[in-house]
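Report on the following structure.
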Amino acid sequence: MLTDALSIAIAELEEEQVAGLVKERLDSGVSPLEIVNSLQQGMAEAGSRFETGEYFLGELIMCGEIMQDSMVILEPLLIGSNAEYKGSIVMGTVKGDIHDLGKNIVVMLLKGSGYNVIDLGVDVSKEKFIEAIKASNAPLVGMSVLLTGCQESMKETIEAIRAAGLNTKVLIGGNYIDDIIKDYVGADYSAQAATDGIKVAEEIFSL
Amino acid sequence: MNEKEMLYQKRLERYITAMDCGKPDMVPVAFGVGEWITKYTGTTLQEIYYDLDKSTDVVSEMLPGLDFDIFKGGPALWWPPMFDAMGSKLYKFPGIGVDENSTFQFNEQEYMKAEDYDEFIASPTEWLVNHYLPNISTELENPGSYRSTVALIKGAAAFAMQGGIMAAAWGKWTVENGIVGQGTGFTKAPFDTLGDALRGMKGVLLDLRRRPEKVLAACDAITPHNVNCGLAGPGADTRFPCFAPLHRGAYPFLNPKQWDTFYWPSLKATIEGMWAKGKRMLFYAEGDWTPYLEKILELPDKSIVFQIDTTDAKKAKKILGGRFCLQGGVPTTLLTYGTPEKVKEHIKRTFDELAYDGGFILDTGGVVMGDAKKENAIAMIEAARKYGIY
């Protein structure tokens, strides 16, 4: 149960109220990190409302948007504070597929939960995935796909990541994704709903 | 009447009877030649999309000997040269933008900005010509310029050329195989026109909270255009339904209150507007529409054919059956991941559950992707004839 007014405001998707509270708290000297924490708690609440069916995708996207707008103000102020990311995650829609609605929602939720997300966009080649994983040393890579026809490119990408000797965990997500496809393409985790991705990230980064 | 004409009449009667919720001699079967055909014909998807003769030839070769009723068309949904002539940003086509064997994909953007609402609502067509076309096409960036005018003429010519070639092909397929075309005309839900083409998914979802009154006014402004679009395209034909691919109304994009307020009223008005002229809609409910089935009951009897994609089929039958014809029953993934035996078993079960009292057309739930297997597609038709006799 949320008690913080800012957490409640973002969970209730009260855009103007959130903007007002963020400004008010900054003006009164509350640390940016504490404000981000309140926002994250509210966002987590929105995520669980989505899981229980109370919230739909429209609410989830709105919540992410409010978070993103708040971070535009807060992020520059976090520099120099001892804010730390929970970890780095590489994300992208696989080669041959340009759909990004699902991926963008997951990216918003992960960012909102305190992860450093390296978003490679859509139609991402295996080379680009590997390059980004190497550069960031990310323990988790998320691959999004909508078209069943792009399953082979997902499989090839995962094979290439393994062949490059990277032991990054691979999470695949998309409308038709299930455990059969996870096993077929050689991924470690599969997700159908946006909030599943957060759970996987929590599992990996709590190790 | 020759043999093919007789066959056509029989299949037409089967189709019409089912659409009117009746029980024909057997369950009508709909079939389309999808992108999967390229794997079996040694062609690339790029060739099939760009070369209309090639694309219609592979269909002509495939059709003879197949026994089904309703034809949904060949593998190429669009002819890209029309879009290329205008420098369209709307789609990525095989070979241009994506790999030569990747399917076409829609490049969704906010082609209409939030601040454009008022001008759009005041005169949708004018706004489309003055702002939308320049936004979606590099060659149309300067309306009225020499370059833009030539590009428009080229685009319109390409559209007419495609229409001519496809009409001739459909004529040939009909005459030589005695198959019935699925529909005439095309329209959309007004909210989808706004949410697919103009504002994009994210844009329209945020608008529902930030400027809900503009969304409603825009849907109202679009409605008469979408009624007209469904009627004017097919001319006077009212035998066949008008195809309407429905997108943003699927679960779980909108919450129930948003669905009731923003999605449904203008779609209902579009359907009623067409039905008043005797035109039925193929309510192509892509995705899952289970939570909204009760609302759909508000429509006039038989005014739609309800397409079952991932909607709970048994619930759809229970709630909508008898009032509207149902179409579907075969998950698209079954044609990709299944085997002919599994397809046959599935169809037998589907008929038991959905077709027993008529008002049912067997079809794939949604658009069949390029990775489907031909043997599964053929097994679907064969099983339908084996188990589908009433």
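So you can find residues: chains in the structure tokens are A, B, ... in the order shown, residues in each start at 1, and ligands are numbered from 1 in order.
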
Item to check | Distance-based interface of chain A with chain B, 8 Å, counting only C-alpha atoms, as a list of chain:residue names | outcome: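 Listed by rising number, the hits are A:Tyr55, A:Phe56, A:Leu57, A:Gly58, A:Ile61, A:Met62, A:Gly96, A:Asp97, A:Ile98, A:Leu101, A:Thr148, A:Gly149.
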
For the residues selected in the previous step, produce a file with C-alpha atoms as a PDB file, in the first residue's frame.
ATOM      1  CA  TYR A  55      -4.595  -1.419 -15.689  1.00  0.00           C
ATOM      2  CA  PHE A  56      -4.391  -1.879 -19.451  1.00  0.00           C
ATOM      3  CA  LEU A  57      -1.608  -0.973 -21.859  1.00  0.00           C
ATOM      4  CA  GLY A  58      -2.806   2.611 -22.144  1.00  0.00           C
ATOM      5  CA  ILE A  61       2.304   3.701 -21.395  1.00  0.00           C
ATOM      6  CA  MET A  62       0.981   6.811 -19.662  1.00  0.00           C
ATOM      7  CA  GLY A  96      13.912  -8.174 -39.916  1.00  0.00           C
ATOM      8  CA  ASP A  97      11.335  -6.796 -37.494  1.00  0.00           C
ATOM      9  CA  ILE A  98      10.582  -3.090 -37.024  1.00  0.00           C
ATOM     10  CA  LEU A 101       5.649  -0.844 -29.131  1.00  0.00           C
ATOM     11  CA  THR A 148       6.993 -15.337 -36.293  1.00  0.00           C
ATOM     12  CA  GLY A 149       9.039 -15.153 -39.481  1.00  0.00           C
TER      13      GLY A 149
END

Using the chain letters and numbers from this document, which residues of range 35-264 of chain B does DSSP assign to helix (DSSP H, G or I), as a CSV table (one decimal) with N, CA and C atoms, in the first residue's frame?
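Output saved as result32.csv:
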chain,number,residue,atom,x,y,z
B,37,ILE,N,3.9,-19.1,-50.1
B,37,ILE,CA,4.0,-19.7,-51.4
B,37,ILE,C,5.4,-19.5,-52.0
B,38,THR,N,6.1,-18.4,-51.6
B,38,THR,CA,7.4,-18.1,-52.2
B,38,THR,C,8.4,-19.3,-52.0
B,39,LYS,N,8.3,-19.9,-50.8
B,39,LYS,CA,9.2,-20.9,-50.5
B,39,LYS,C,9.1,-22.1,-51.4
B,40,TYR,N,7.9,-22.3,-52.0
B,40,TYR,CA,7.6,-23.5,-52.8
B,40,TYR,C,7.7,-23.2,-54.3
B,41,THR,N,8.0,-21.9,-54.7
B,41,THR,CA,8.0,-21.5,-56.1
B,41,THR,C,9.4,-21.0,-56.5
B,45,LEU,N,10.3,-12.9,-51.9
B,45,LEU,CA,9.2,-12.1,-51.5
B,45,LEU,C,9.2,-10.7,-52.3
B,46,GLN,N,10.4,-10.2,-52.5
B,46,GLN,CA,10.6,-9.0,-53.2
B,46,GLN,C,10.0,-9.1,-54.7
B,47,GLU,N,10.3,-10.2,-55.3
B,47,GLU,CA,9.8,-10.4,-56.7
B,47,GLU,C,8.2,-10.5,-56.7
B,48,ILE,N,7.7,-11.2,-55.7
B,48,ILE,CA,6.3,-11.4,-55.6
B,48,ILE,C,5.6,-10.0,-55.3
B,49,TYR,N,6.2,-9.2,-54.5
B,49,TYR,CA,5.6,-7.9,-54.3
B,49,TYR,C,5.7,-6.9,-55.5
B,50,TYR,N,6.9,-6.9,-56.1
B,50,TYR,CA,7.1,-5.9,-57.2
B,50,TYR,C,6.6,-6.3,-58.5
B,52,LEU,N,3.8,-8.0,-60.4
B,52,LEU,CA,2.5,-8.4,-60.3
B,52,LEU,C,2.1,-9.6,-61.1
B,53,ASP,N,2.8,-9.7,-62.3
B,53,ASP,CA,2.5,-10.9,-63.2
B,53,ASP,C,3.0,-12.1,-62.5
B,54,LYS,N,4.2,-12.0,-61.9
B,54,LYS,CA,4.7,-13.2,-61.2
B,54,LYS,C,3.8,-13.6,-60.0
B,55,SER,N,3.4,-12.6,-59.3
B,55,SER,CA,2.6,-12.9,-58.1
B,55,SER,C,1.2,-13.5,-58.5
B,56,THR,N,0.6,-13.0,-59.6
B,56,THR,CA,-0.7,-13.6,-60.0
B,56,THR,C,-0.5,-14.9,-60.7
B,57,ASP,N,0.7,-15.1,-61.3
B,57,ASP,CA,1.0,-16.4,-61.9
B,57,ASP,C,1.1,-17.6,-60.9
B,58,VAL,N,1.8,-17.3,-59.8
B,58,VAL,CA,1.9,-18.4,-58.8
B,58,VAL,C,0.6,-18.7,-58.2
B,59,VAL,N,-0.3,-17.7,-58.1
B,59,VAL,CA,-1.7,-18.0,-57.6
B,59,VAL,C,-2.4,-18.8,-58.6
B,60,SER,N,-2.3,-18.4,-59.9
B,60,SER,CA,-3.1,-19.2,-60.9
B,60,SER,C,-2.6,-20.6,-61.0
B,61,GLU,N,-1.3,-20.9,-60.7
B,61,GLU,CA,-0.8,-22.3,-60.7
B,61,GLU,C,-1.3,-23.1,-59.5
B,62,MET,N,-1.5,-22.3,-58.4
B,62,MET,CA,-1.8,-23.0,-57.2
B,62,MET,C,-3.3,-23.4,-57.1
B,80,PRO,N,4.2,-2.1,-54.2
B,80,PRO,CA,5.1,-1.1,-53.7
B,80,PRO,C,5.4,0.1,-54.7
B,81,PRO,N,5.4,-0.2,-56.0
B,81,PRO,CA,5.7,0.9,-56.9
B,81,PRO,C,4.9,2.2,-56.7
B,82,MET,N,3.6,2.0,-56.3
B,82,MET,CA,2.8,3.1,-56.0
B,82,MET,C,3.4,4.0,-54.9
B,83,PHE,N,3.8,3.3,-53.9
B,83,PHE,CA,4.4,4.0,-52.7
B,83,PHE,C,5.7,4.6,-53.1
B,84,ASP,N,6.5,3.8,-53.9
B,84,ASP,CA,7.8,4.3,-54.3
B,84,ASP,C,7.7,5.6,-55.1
B,85,ALA,N,6.7,5.7,-55.9
B,85,ALA,CA,6.5,6.8,-56.8
B,85,ALA,C,6.3,8.1,-56.0
B,114,ALA,N,0.0,16.3,-32.0
B,114,ALA,CA,-1.1,16.7,-31.1
B,114,ALA,C,-1.7,18.0,-31.5
B,115,GLU,N,-0.9,18.9,-31.9
B,115,GLU,CA,-1.4,20.3,-32.2
B,115,GLU,C,-2.2,20.4,-33.5
B,116,ASP,N,-2.2,19.3,-34.3
B,116,ASP,CA,-2.9,19.3,-35.6
B,116,ASP,C,-4.4,19.0,-35.4
B,117,TYR,N,-4.8,18.6,-34.2
B,117,TYR,CA,-6.2,18.1,-34.1
B,117,TYR,C,-7.3,19.1,-34.6
B,118,ASP,N,-7.2,20.3,-34.2
B,118,ASP,CA,-8.3,21.3,-34.5
B,118,ASP,C,-8.4,21.4,-36.1
B,119,GLU,N,-7.3,21.5,-36.7
B,119,GLU,CA,-7.3,21.7,-38.2
B,119,GLU,C,-7.9,20.4,-38.8
B,120,PHE,N,-7.5,19.3,-38.3
B,120,PHE,CA,-7.9,18.0,-38.9
B,120,PHE,C,-9.4,17.9,-38.7
B,121,ILE,N,-9.9,18.2,-37.5
B,121,ILE,CA,-11.3,18.0,-37.2
B,121,ILE,C,-12.2,19.0,-38.0
B,122,ALA,N,-11.7,20.2,-38.3
B,122,ALA,CA,-12.4,21.2,-39.1
B,122,ALA,C,-12.6,20.7,-40.5
B,124,PRO,N,-11.2,17.1,-42.4
B,124,PRO,CA,-10.2,16.0,-42.5
B,124,PRO,C,-9.5,15.9,-43.8
B,125,THR,N,-10.3,16.0,-44.9
B,125,THR,CA,-9.7,15.7,-46.2
B,125,THR,C,-8.7,16.8,-46.5
B,126,GLU,N,-9.0,18.1,-46.2
B,126,GLU,CA,-8.1,19.2,-46.5
B,126,GLU,C,-6.8,19.0,-45.7
B,127,TRP,N,-7.0,18.6,-44.5
B,127,TRP,CA,-5.8,18.5,-43.6
B,127,TRP,C,-4.9,17.3,-44.2
B,128,LEU,N,-5.6,16.3,-44.7
B,128,LEU,CA,-4.8,15.2,-45.2
B,128,LEU,C,-4.0,15.6,-46.4
B,129,VAL,N,-4.6,16.4,-47.3
B,129,VAL,CA,-3.9,16.8,-48.5
B,129,VAL,C,-2.8,17.8,-48.2
B,130,ASN,N,-3.1,18.8,-47.3
B,130,ASN,CA,-2.1,19.8,-47.1
B,130,ASN,C,-1.0,19.4,-46.1
B,131,HIS,N,-1.3,18.5,-45.2
B,131,HIS,CA,-0.3,18.2,-44.2
B,131,HIS,C,0.1,16.7,-44.1
B,132,TYR,N,-0.9,15.8,-44.2
B,132,TYR,CA,-0.5,14.4,-44.1
B,132,TYR,C,0.3,13.9,-45.2
B,133,LEU,N,-0.2,14.1,-46.5
B,133,LEU,CA,0.6,13.6,-47.6
B,133,LEU,C,2.0,14.2,-47.6
B,134,PRO,N,2.3,15.5,-47.4
B,134,PRO,CA,3.7,15.9,-47.3
B,134,PRO,C,4.4,15.2,-46.1
B,135,ASN,N,3.8,14.9,-45.1
B,135,ASN,CA,4.5,14.2,-43.9
B,135,ASN,C,4.9,12.8,-44.2
B,136,ILE,N,4.0,12.1,-45.0
B,136,ILE,CA,4.3,10.7,-45.2
B,136,ILE,C,5.1,10.4,-46.5
B,138,THR,N,8.2,11.7,-49.2
B,138,THR,CA,9.3,12.7,-49.5
B,138,THR,C,9.0,13.4,-50.8
B,139,GLU,N,8.4,12.8,-51.8
B,139,GLU,CA,8.1,13.5,-53.1
B,139,GLU,C,7.0,14.5,-53.0
B,140,LEU,N,6.2,14.4,-51.9
B,140,LEU,CA,5.0,15.3,-51.8
B,140,LEU,C,5.3,16.4,-50.8
B,146,TYR,N,6.1,21.3,-58.9
B,146,TYR,CA,6.2,20.4,-60.1
B,146,TYR,C,6.5,19.0,-59.6
B,147,ARG,N,7.4,18.8,-58.7
B,147,ARG,CA,7.9,17.5,-58.3
B,147,ARG,C,6.7,16.7,-57.6
B,148,SER,N,6.0,17.5,-56.8
B,148,SER,CA,4.9,16.9,-56.0
B,148,SER,C,3.8,16.5,-57.0
B,149,THR,N,3.5,17.4,-57.9
B,149,THR,CA,2.4,17.1,-58.9
B,149,THR,C,2.7,15.8,-59.7
B,150,VAL,N,3.9,15.8,-60.2
B,150,VAL,CA,4.3,14.6,-61.0
B,150,VAL,C,4.2,13.3,-60.2
B,151,ALA,N,4.7,13.4,-58.9
B,151,ALA,CA,4.7,12.2,-58.1
B,151,ALA,C,3.3,11.8,-57.8
B,152,LEU,N,2.4,12.7,-57.6
B,152,LEU,CA,0.9,12.4,-57.4
B,152,LEU,C,0.4,11.6,-58.6
B,153,ILE,N,0.7,12.2,-59.8
B,153,ILE,CA,0.2,11.6,-61.0
B,153,ILE,C,0.7,10.2,-61.2
B,154,LYS,N,2.0,10.0,-60.9
B,154,LYS,CA,2.7,8.7,-61.0
B,154,LYS,C,2.0,7.7,-60.0
B,155,GLY,N,1.8,8.2,-58.8
B,155,GLY,CA,1.2,7.3,-57.7
B,155,GLY,C,-0.2,6.9,-58.1
B,156,ALA,N,-1.0,7.9,-58.6
B,156,ALA,CA,-2.4,7.6,-59.0
B,156,ALA,C,-2.4,6.6,-60.2
B,157,ALA,N,-1.4,6.8,-61.1
B,157,ALA,CA,-1.4,5.9,-62.3
B,157,ALA,C,-1.0,4.5,-61.9
B,158,ALA,N,-0.1,4.4,-60.9
B,158,ALA,CA,0.3,3.1,-60.4
B,158,ALA,C,-0.8,2.4,-59.7
B,159,PHE,N,-1.6,3.1,-59.0
B,159,PHE,CA,-2.8,2.6,-58.3
B,159,PHE,C,-3.8,2.0,-59.3
B,160,ALA,N,-4.0,2.8,-60.4
B,160,ALA,CA,-4.9,2.4,-61.4
B,160,ALA,C,-4.4,1.2,-62.2
B,161,MET,N,-3.1,1.2,-62.4
B,161,MET,CA,-2.5,0.0,-63.1
B,161,MET,C,-2.7,-1.3,-62.3
B,162,GLN,N,-2.4,-1.1,-61.0
B,162,GLN,CA,-2.5,-2.3,-60.1
B,162,GLN,C,-4.0,-2.8,-60.1
B,163,GLY,N,-4.9,-1.8,-60.0
B,163,GLY,CA,-6.3,-2.2,-60.0
B,163,GLY,C,-6.7,-2.9,-61.3
B,164,GLY,N,-6.2,-2.5,-62.4
B,164,GLY,CA,-6.5,-3.1,-63.7
B,164,GLY,C,-6.0,-4.6,-63.7
B,165,ILE,N,-4.7,-4.7,-63.3
B,165,ILE,CA,-4.1,-6.0,-63.4
B,165,ILE,C,-4.7,-7.0,-62.4
B,166,MET,N,-5.0,-6.5,-61.2
B,166,MET,CA,-5.6,-7.4,-60.2
B,166,MET,C,-7.1,-7.7,-60.6
B,167,ALA,N,-7.8,-6.8,-61.1
B,167,ALA,CA,-9.2,-7.1,-61.5
B,167,ALA,C,-9.2,-8.2,-62.6
B,168,ALA,N,-8.3,-8.1,-63.5
B,168,ALA,CA,-8.2,-9.1,-64.6
B,168,ALA,C,-7.8,-10.5,-64.0
B,169,ALA,N,-6.9,-10.5,-63.0
B,169,ALA,CA,-6.5,-11.7,-62.4
B,169,ALA,C,-7.7,-12.4,-61.6
B,170,TRP,N,-8.4,-11.5,-60.8
B,170,TRP,CA,-9.5,-12.0,-60.1
B,170,TRP,C,-10.6,-12.6,-61.0
B,171,GLY,N,-10.8,-11.9,-62.1
B,171,GLY,CA,-11.7,-12.4,-63.1
B,171,GLY,C,-11.4,-13.8,-63.6
B,172,LYS,N,-10.1,-14.0,-63.9
B,172,LYS,CA,-9.6,-15.2,-64.4
B,172,LYS,C,-9.7,-16.3,-63.3
B,173,TRP,N,-9.3,-16.0,-62.1
B,173,TRP,CA,-9.4,-17.0,-61.0
B,173,TRP,C,-10.9,-17.4,-60.8
B,174,THR,N,-11.8,-16.5,-60.9
B,174,THR,CA,-13.2,-16.8,-60.6
B,174,THR,C,-13.7,-17.7,-61.7
B,175,VAL,N,-13.5,-17.3,-63.0
B,175,VAL,CA,-14.0,-18.0,-64.1
B,175,VAL,C,-13.4,-19.4,-64.2
B,176,GLU,N,-12.1,-19.5,-64.0
B,176,GLU,CA,-11.4,-20.8,-64.2
B,176,GLU,C,-11.6,-21.8,-63.0
B,177,ASN,N,-11.8,-21.2,-61.9
B,177,ASN,CA,-11.9,-22.1,-60.7
B,177,ASN,C,-13.2,-22.1,-59.9
B,190,PRO,N,-13.1,4.3,-37.0
B,190,PRO,CA,-12.5,5.7,-37.0
B,190,PRO,C,-11.4,5.8,-36.0
B,191,PHE,N,-11.5,5.1,-34.8
B,191,PHE,CA,-10.4,5.2,-33.8
B,191,PHE,C,-9.1,4.6,-34.4
B,192,ASP,N,-9.3,3.6,-35.3
B,192,ASP,CA,-8.1,3.0,-35.9
B,192,ASP,C,-7.5,3.9,-36.9
B,193,THR,N,-8.3,4.6,-37.7
B,193,THR,CA,-7.8,5.6,-38.7
B,193,THR,C,-6.9,6.6,-37.9
B,194,LEU,N,-7.4,7.0,-36.8
B,194,LEU,CA,-6.7,8.0,-35.9
B,194,LEU,C,-5.4,7.3,-35.3
B,195,GLY,N,-5.7,6.1,-34.7
B,195,GLY,CA,-4.6,5.5,-33.9
B,195,GLY,C,-3.6,4.7,-34.7
B,196,ASP,N,-4.0,4.2,-35.9
B,196,ASP,CA,-3.0,3.5,-36.8
B,196,ASP,C,-2.2,4.5,-37.6
B,197,ALA,N,-3.0,5.3,-38.4
B,197,ALA,CA,-2.4,6.0,-39.5
B,197,ALA,C,-1.9,7.4,-39.0
B,198,LEU,N,-2.6,8.0,-38.2
B,198,LEU,CA,-2.4,9.5,-37.9
B,198,LEU,C,-1.5,9.7,-36.7
B,200,GLY,N,-0.6,7.3,-34.3
B,200,GLY,CA,0.2,6.1,-33.8
B,200,GLY,C,-0.3,5.7,-32.4
B,201,MET,N,0.1,4.5,-32.1
B,201,MET,CA,-0.4,3.8,-30.9
B,201,MET,C,-0.2,4.6,-29.6
B,202,LYS,N,1.1,5.0,-29.4
B,202,LYS,CA,1.5,5.7,-28.2
B,202,LYS,C,0.8,7.1,-28.2
B,203,GLY,N,0.8,7.7,-29.3
B,203,GLY,CA,0.2,9.1,-29.4
B,203,GLY,C,-1.2,9.1,-29.0
B,204,VAL,N,-2.0,8.1,-29.6
B,204,VAL,CA,-3.4,8.1,-29.3
B,204,VAL,C,-3.7,7.7,-27.9
B,205,LEU,N,-2.9,6.8,-27.3
B,205,LEU,CA,-3.1,6.3,-25.9
B,205,LEU,C,-2.9,7.5,-25.0
B,206,LEU,N,-1.9,8.3,-25.3
B,206,LEU,CA,-1.6,9.5,-24.4
B,206,LEU,C,-2.7,10.5,-24.6
B,207,ASP,N,-3.2,10.7,-25.8
B,207,ASP,CA,-4.3,11.6,-26.1
B,207,ASP,C,-5.5,11.3,-25.3
B,208,LEU,N,-5.8,10.0,-25.0
B,208,LEU,CA,-7.0,9.6,-24.3
B,208,LEU,C,-7.0,10.3,-22.9
B,209,ARG,N,-5.8,10.6,-22.4
B,209,ARG,CA,-5.7,11.2,-21.1
B,209,ARG,C,-5.5,12.7,-21.2
B,210,ARG,N,-4.7,13.1,-22.2
B,210,ARG,CA,-4.4,14.5,-22.3
B,210,ARG,C,-5.4,15.4,-23.0
B,212,PRO,N,-8.9,14.1,-24.3
B,212,PRO,CA,-9.9,13.1,-24.7
B,212,PRO,C,-11.0,13.7,-25.6
B,213,GLU,N,-11.3,15.0,-25.4
B,213,GLU,CA,-12.4,15.6,-26.2
B,213,GLU,C,-12.0,15.7,-27.6
B,214,LYS,N,-10.7,15.9,-27.9
B,214,LYS,CA,-10.2,16.0,-29.3
B,214,LYS,C,-10.3,14.6,-30.0
B,215,VAL,N,-10.0,13.6,-29.2
B,215,VAL,CA,-10.0,12.2,-29.8
B,215,VAL,C,-11.5,11.9,-30.2
B,216,LEU,N,-12.4,12.3,-29.4
B,216,LEU,CA,-13.8,12.0,-29.7
B,216,LEU,C,-14.3,12.8,-30.9
B,217,ALA,N,-13.9,14.1,-30.9
B,217,ALA,CA,-14.3,14.9,-32.0
B,217,ALA,C,-13.6,14.4,-33.3
B,218,ALA,N,-12.4,14.0,-33.3
B,218,ALA,CA,-11.7,13.5,-34.5
B,218,ALA,C,-12.4,12.2,-35.0
B,219,CYS,N,-12.8,11.3,-34.0
B,219,CYS,CA,-13.5,10.1,-34.4
B,219,CYS,C,-14.8,10.4,-35.1
B,220,ASP,N,-15.5,11.4,-34.5
B,220,ASP,CA,-16.8,11.8,-35.1
B,220,ASP,C,-16.6,12.4,-36.5
B,221,ALA,N,-15.5,13.1,-36.7
B,221,ALA,CA,-15.2,13.7,-38.0
B,221,ALA,C,-14.9,12.7,-39.0
B,222,ILE,N,-14.2,11.6,-38.6
B,222,ILE,CA,-13.8,10.5,-39.5
B,222,ILE,C,-15.0,9.6,-39.9
B,223,THR,N,-15.9,9.4,-39.0
B,223,THR,CA,-17.0,8.4,-39.2
B,223,THR,C,-17.7,8.5,-40.6
B,224,PRO,N,-18.2,9.7,-41.0
B,224,PRO,CA,-18.9,9.7,-42.3
B,224,PRO,C,-18.0,9.3,-43.5
B,225,HIS,N,-16.7,9.7,-43.3
B,225,HIS,CA,-15.7,9.3,-44.4
B,225,HIS,C,-15.5,7.8,-44.4
B,226,ASN,N,-15.5,7.2,-43.3
B,226,ASN,CA,-15.3,5.7,-43.2
B,226,ASN,C,-16.5,4.9,-43.7
B,227,VAL,N,-17.7,5.5,-43.4
B,227,VAL,CA,-19.0,4.9,-44.0
B,227,VAL,C,-18.9,5.0,-45.5
B,228,ASN,N,-18.5,6.1,-46.0
B,228,ASN,CA,-18.5,6.3,-47.4
B,228,ASN,C,-17.4,5.5,-48.1
B,229,CYS,N,-16.3,5.4,-47.4
B,229,CYS,CA,-15.2,4.6,-47.9
B,229,CYS,C,-15.6,3.1,-48.1
B,230,GLY,N,-16.4,2.6,-47.2
B,230,GLY,CA,-16.9,1.2,-47.2
B,230,GLY,C,-17.9,1.0,-48.3
B,231,LEU,N,-18.6,2.1,-48.6
B,231,LEU,CA,-19.7,1.9,-49.6
B,231,LEU,C,-19.3,2.3,-51.0
B,232,ALA,N,-18.5,3.4,-51.1
B,232,ALA,CA,-18.2,4.0,-52.5
B,232,ALA,C,-17.2,3.1,-53.2
B,256,PRO,N,-11.7,-1.0,-20.3
B,256,PRO,CA,-13.1,-1.1,-20.7
B,256,PRO,C,-13.9,0.2,-20.9
B,257,LYS,N,-13.5,1.1,-20.0
B,257,LYS,CA,-14.2,2.4,-20.1
B,257,LYS,C,-13.8,3.2,-21.3
B,258,GLN,N,-12.4,3.1,-21.6
B,258,GLN,CA,-11.9,3.8,-22.8
B,258,GLN,C,-12.5,3.1,-24.0
B,259,TRP,N,-12.6,1.8,-24.0
B,259,TRP,CA,-13.2,1.1,-25.2
B,259,TRP,C,-14.6,1.6,-25.4
B,260,ASP,N,-15.4,1.6,-24.3
B,260,ASP,CA,-16.8,2.0,-24.5
B,260,ASP,C,-16.9,3.5,-24.9
B,261,THR,N,-16.0,4.3,-24.5
B,261,THR,CA,-16.2,5.7,-24.7
B,261,THR,C,-15.5,6.1,-26.1
B,262,PHE,N,-14.3,5.6,-26.4
B,262,PHE,CA,-13.6,6.1,-27.5
B,262,PHE,C,-13.6,5.2,-28.7
B,263,TYR,N,-13.6,3.9,-28.5
B,263,TYR,CA,-13.5,3.0,-29.6
B,263,TYR,C,-14.8,2.6,-30.3
B,264,TRP,N,-15.7,2.3,-29.4
B,264,TRP,CA,-16.9,1.7,-29.9
B,264,TRP,C,-18.0,2.6,-30.5

Checklist outcome for this item: One decimal place gives the CA of Gly273 in chain B-CA of Ser303 in chain B separation as 10.4 Å

Next on the checklist: I want to know what sits within 9 Å of range 160-175 of chain A, based on only C-alpha atoms, with residues of the same chain fewer than 3 positions away left out; could you give that as a ChimeraX atom specification?
Outcome noted: /A:102-103,126-127,129-130,133-134,137-147,154-157,178,182,186-194,196-197,200,204

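For the atom pair formed by CA of Pro291 in chain B and CA of Thr311 in chain B, the distance is 8.8 Å, given to one decimal.
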
Next on the checklist: For Lys95 in chain A, find every residue with an atom within 7 Å (counting only C-alpha atoms), except residues of its own chain fewer than 4 positions away, and show them as a PyMOL selection string.
Outcome noted: chain A and resi 123-125+153

Atoms kept (N, CA and C atoms) for selection, written as a PDB file, in the first residue's frame:
ATOM      1  N   ASP A 123      15.114  -3.742 -35.866  1.00  0.00           N
ATOM      2  CA  ASP A 123      15.854  -4.340 -36.982  1.00  0.00           C
ATOM      3  C   ASP A 123      17.347  -4.410 -36.645  1.00  0.00           C
ATOM      4  N   VAL A 124      17.654  -4.915 -35.455  1.00  0.00           N
ATOM      5  CA  VAL A 124      19.027  -4.889 -34.941  1.00  0.00           C
ATOM      6  C   VAL A 124      19.791  -6.152 -35.375  1.00  0.00           C
ATOM      7  N   SER A 125      20.939  -5.955 -35.999  1.00  0.00           N
ATOM      8  CA  SER A 125      21.752  -7.090 -36.460  1.00  0.00           C
ATOM      9  C   SER A 125      22.429  -7.769 -35.279  1.00  0.00           C
ATOM     10  N   SER A 153      16.037 -15.283 -37.194  1.00  0.00           N
ATOM     11  CA  SER A 153      17.055 -14.255 -36.971  1.00  0.00           C
ATOM     12  C   SER A 153      17.343 -14.116 -35.474  1.00  0.00           C
TER      13      SER A 153
END

Item to check | Non-local contacts of Tyr85 in chain A (10 Å; only C-alpha atoms; under 6 positions in same chain excluded) as a list in words | outcome: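 Selected residues are Lys111, Ser113, Gly114, Tyr115, Asn116 and Val117 of chain A.
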
Taking N, CA and C atoms for each residue, export the selection above as a PDB file, in the first residue's frame.
ATOM      1  N   LYS A 111      13.771   1.239 -17.187  1.00  0.00           N
ATOM      2  CA  LYS A 111      14.406   2.515 -16.812  1.00  0.00           C
ATOM      3  C   LYS A 111      13.772   3.037 -15.534  1.00  0.00           C
ATOM      4  N   SER A 113      12.499   1.390 -13.266  1.00  0.00           N
ATOM      5  CA  SER A 113      12.871   0.578 -12.112  1.00  0.00           C
ATOM      6  C   SER A 113      14.338   0.749 -11.732  1.00  0.00           C
ATOM      7  N   GLY A 114      15.052   1.605 -12.446  1.00  0.00           N
ATOM      8  CA  GLY A 114      16.416   1.925 -12.042  1.00  0.00           C
ATOM      9  C   GLY A 114      17.513   1.201 -12.804  1.00  0.00           C
ATOM     10  N   TYR A 115      17.192   0.669 -13.985  1.00  0.00           N
ATOM     11  CA  TYR A 115      18.229   0.006 -14.773  1.00  0.00           C
ATOM     12  C   TYR A 115      18.764   0.961 -15.835  1.00  0.00           C
ATOM     13  N   ASN A 116      20.028   0.739 -16.191  1.00  0.00           N
ATOM     14  CA  ASN A 116      20.624   1.459 -17.309  1.00  0.00           C
ATOM     15  C   ASN A 116      20.324   0.658 -18.570  1.00  0.00           C
ATOM     16  N   VAL A 117      19.405   1.159 -19.390  1.00  0.00           N
ATOM     17  CA  VAL A 117      18.997   0.395 -20.563  1.00  0.00           C
ATOM     18  C   VAL A 117      19.663   0.953 -21.816  1.00  0.00           C
TER      19      VAL A 117
END
